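Presented below is the structure to which this report refers.
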Amino acid sequence: MRVDVEGVTVELAGARIVEDIALRADSGQVVGVVGPNGSGKSTLLRCTYRALRPAAGTVRLDGDDLHAMDARAGARRLAALPQESAAEFDFTAAEVVAMGRLPHQRGGTLLTGRASAADAALCAEALDRVGAAHLAGRGFRSLSGGEKQRVLIARALAQQPRVLVLDEPTNHLDIAHQLEVLSLVRRSGLTVLAALHDLNLAASHCDLLYVLDGGRVVASGPPRDVLRPRLLAEVFGVRAHRVTHPVTGAVQLLFDRIDQE
Ligand SMILES: Nc1ncnc2c1ncn2[C@@H]1O[C@H](COP(=O)(O)OP(=O)(O)OP(=O)(O)O)[C@@H](O)[C@H]1O
């Protein structure tokens with residue numbers, strides 16, 4: 001499923017936070033959104049999973065205006081992993097994952113304990129895919145940050161969307177789980193929009209990158225074209241040296257501070 005963000009502008013508390021953003025993710029592409037703290041990544045992504053309605057512009061899924069769809073129809077096509085889950089669930093991990101099935105059900109049957117066997121199997125499989133099957137019976141609140149993150153990714157997968165929007169999906173994850181989650185996301189075949197802080201993970205897992213600075217897109221394209229030392233100095237204020245990963249062939253970056261000799 002294709003995602004088109006066209007002319008998106010967001011104003012919050014009287015301030016323009018992102019302005020005239022255009023972004024396109026073709027079906028099955030993994031598109032990374034990178035940029036310094038406060039550049040507007042989360043704000044942009046929140047528009048793409050309906051948590052925010054832009055002051056101007058549209059978000060389209062295969063041409064259909066996301067903000068004109070009802071919530072259930074939107075949730076059948078697109079699942080999101082927000083940067084912070086507001087709710088501290090008093091549910092087991094398995095129940096949290098089962099919530100991902102709600103957009104596919106009539107009348108919230110899961111929460112009344114009548115989940116179908118097919119739904120239960122899907123949820124178990126989603127937990128297994130993120131390496132969290134052993135957490136199924138644990139209280140969500142008792143999990144570590146990384147365990148919670150994996151359960152929330154499993155919930156998004158159980159939703160069987162066509163598009164995944166991930167705000168810092170590797171937050172709290174150790175290096176093995178960072179690589180595992182991003183390669184899982186890549187292998188899923190879903191269209192993915194992901195805000196990522198780690199530029200090397202972004203370079204090695206994304207087809208395209210959009211670089212935000214001050215609420216605007218300042219560069220976009222394949223990682224090798226975008227992640228150039230001059231841009232990284234201007235946008236992130238760091239000196240970057242490019243190397244090629246000896247195994248994967250991806251462009252990778254080594255950093256030092258710009259004022260160091
Ligand atoms: N509700 C709000 N009211 C006013 N300003 C806001 C609001 N939400 C976000 N902002 C501001 O908008 C700017 C962009 O925030 P956003 O969270 O989108 O950035 P980000 O690129 O995701 O940052 P980070 O990398 O730190 O997560 C920041 O300056 C932030 O303080």
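Scheme for the structure tokens: letters A, B, ... for chains in order shown; per-chain residue numbers from 1; ligand numbers from 1 in order shown.
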Worksheet item: Using only C-alpha atoms and all ligand atoms, what are the residues with an atom within 9 Å of ligand 1, set out as number ranges by chain?
Response: A: 11-18, 33-46, 83, 167-168, 195-197, 212-215
Fill in: Test item, alpha helix (DSSP H) assignment across range 182-227 of chain A, answer as a PyMOL selection string
chain A and resi 182-187+199-205+223-226
Within 9 Å of range 145-154 of chain A, which residues of range 31-138 of chain A come that close, and what is the closest atom pair and distance in Å for each? Count only C-alpha atoms and give it as JSON lines.
{"residue": "A:Ala80", "atom": "CA", "partner": "A:Ile153", "partner_atom": "CA", "distance": 8.5}
{"residue": "A:Leu81", "atom": "CA", "partner": "A:Ile153", "partner_atom": "CA", "distance": 6.6}
{"residue": "A:Ser85", "atom": "CA", "partner": "A:Leu152", "partner_atom": "CA", "distance": 9.0}
{"residue": "A:Ala93", "atom": "CA", "partner": "A:Val151", "partner_atom": "CA", "distance": 6.3}
{"residue": "A:Ala94", "atom": "CA", "partner": "A:Val151", "partner_atom": "CA", "distance": 8.2}
{"residue": "A:Val96", "atom": "CA", "partner": "A:Val151", "partner_atom": "CA", "distance": 7.5}
{"residue": "A:Val97", "atom": "CA", "partner": "A:Ala154", "partner_atom": "CA", "distance": 6.1}
{"residue": "A:Gly100", "atom": "CA", "partner": "A:Ala154", "partner_atom": "CA", "distance": 8.4}
{"residue": "A:Cys123", "atom": "CA", "partner": "A:Ala154", "partner_atom": "CA", "distance": 7.5}
{"residue": "A:Ala124", "atom": "CA", "partner": "A:Ala154", "partner_atom": "CA", "distance": 9.0}
{"residue": "A:Glu125", "atom": "CA", "partner": "A:Ala154", "partner_atom": "CA", "distance": 8.6}
{"residue": "A:Ala126", "atom": "CA", "partner": "A:Ala154", "partner_atom": "CA", "distance": 4.8}
{"residue": "A:Leu127", "atom": "CA", "partner": "A:Ala154", "partner_atom": "CA", "distance": 5.2}
{"residue": "A:Asp128", "atom": "CA", "partner": "A:Ala154", "partner_atom": "CA", "distance": 8.3}
{"residue": "A:Arg129", "atom": "CA", "partner": "A:Ala154", "partner_atom": "CA", "distance": 7.4}
{"residue": "A:Val130", "atom": "CA", "partner": "A:Arg150", "partner_atom": "CA", "distance": 5.9}
{"residue": "A:Gly131", "atom": "CA", "partner": "A:Arg150", "partner_atom": "CA", "distance": 7.8}
{"residue": "A:Ala132", "atom": "CA", "partner": "A:Val151", "partner_atom": "CA", "distance": 6.8}
{"residue": "A:Leu135", "atom": "CA", "partner": "A:Glu147", "partner_atom": "CA", "distance": 8.1}
{"residue": "A:Ala136", "atom": "CA", "partner": "A:Val151", "partner_atom": "CA", "distance": 8.7}
Please save N, CA and C atoms of the selected residues as a short mmCIF file (atom, residue, chain, number, x, y, z; two decimals), in the first residue's frame.
data_model
loop_
_atom_site.label_atom_id
_atom_site.label_comp_id
_atom_site.auth_asym_id
_atom_site.auth_seq_id
_atom_site.Cartn_x
_atom_site.Cartn_y
_atom_site.Cartn_z
N ALA A 80 0.32 1.58 14.25
CA ALA A 80 1.37 2.50 14.68
C ALA A 80 1.98 2.06 16.00
N LEU A 81 3.24 2.35 16.11
CA LEU A 81 3.93 2.21 17.39
C LEU A 81 4.34 3.62 17.79
N SER A 85 3.75 5.17 24.89
CA SER A 85 2.38 4.71 25.09
C SER A 85 1.86 5.39 26.32
N ALA A 93 0.72 -9.33 28.59
CA ALA A 93 1.29 -9.05 27.27
C ALA A 93 0.38 -9.63 26.18
N ALA A 94 -0.13 -10.84 26.41
CA ALA A 94 -0.99 -11.48 25.40
C ALA A 94 -2.25 -10.65 25.17
N VAL A 96 -2.52 -7.39 25.58
CA VAL A 96 -2.14 -6.17 24.87
C VAL A 96 -2.04 -6.47 23.37
N VAL A 97 -1.43 -7.61 23.04
CA VAL A 97 -1.30 -7.98 21.62
C VAL A 97 -2.69 -8.22 21.02
N GLY A 100 -4.68 -5.64 19.19
CA GLY A 100 -4.40 -5.39 17.78
C GLY A 100 -5.46 -5.98 16.85
N CYS A 123 -2.11 -13.81 17.35
CA CYS A 123 -1.44 -13.05 18.41
C CYS A 123 -0.23 -13.82 18.94
N ALA A 124 -0.39 -15.12 19.09
CA ALA A 124 0.74 -15.94 19.56
C ALA A 124 1.88 -15.88 18.55
N GLU A 125 1.53 -15.91 17.27
CA GLU A 125 2.55 -15.86 16.22
C GLU A 125 3.27 -14.50 16.24
N ALA A 126 2.50 -13.43 16.46
CA ALA A 126 3.10 -12.08 16.48
C ALA A 126 4.08 -11.96 17.64
N LEU A 127 3.70 -12.50 18.79
CA LEU A 127 4.62 -12.46 19.94
C LEU A 127 5.87 -13.28 19.65
N ASP A 128 5.68 -14.40 18.99
CA ASP A 128 6.81 -15.26 18.65
C ASP A 128 7.76 -14.55 17.68
N ARG A 129 7.19 -13.81 16.72
CA ARG A 129 8.02 -13.13 15.71
C ARG A 129 8.93 -12.08 16.33
N VAL A 130 8.53 -11.49 17.45
CA VAL A 130 9.39 -10.48 18.09
C VAL A 130 10.18 -11.09 19.25
N GLY A 131 10.19 -12.42 19.32
CA GLY A 131 10.97 -13.10 20.36
C GLY A 131 10.41 -12.88 21.76
N ALA A 132 9.09 -12.76 21.86
CA ALA A 132 8.49 -12.44 23.15
C ALA A 132 7.41 -13.45 23.56
N LEU A 135 6.79 -14.08 27.14
CA LEU A 135 6.25 -13.01 27.98
C LEU A 135 4.71 -12.99 27.99
N ALA A 136 4.08 -13.89 27.23
CA ALA A 136 2.64 -13.81 27.00
C ALA A 136 1.82 -13.64 28.29
#
Worksheet item: What lies within 6 Å of range 250-255 of chain A using only C-alpha atoms, ignoring chain neighbours under 4 positions off, as a ChimeraX atom specification?
Response: /A:200,204,224,239-245
Fill in: Shell around Ala25 in chain A at 7 Å using only C-alpha atoms, local window under 3 positions removed, as a list in words
Arg2, Val3, Asp4, Gln29, Val31 and Thr191 of chain A
Worksheet entry | Nearest residue to Ser27 in chain A from the set A:Asp207, A:Asp90, A:Glu84, A:Asp259 (distances using only C-alpha atoms) |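 Under the stated criterion, the closest residue is A:Asp207.
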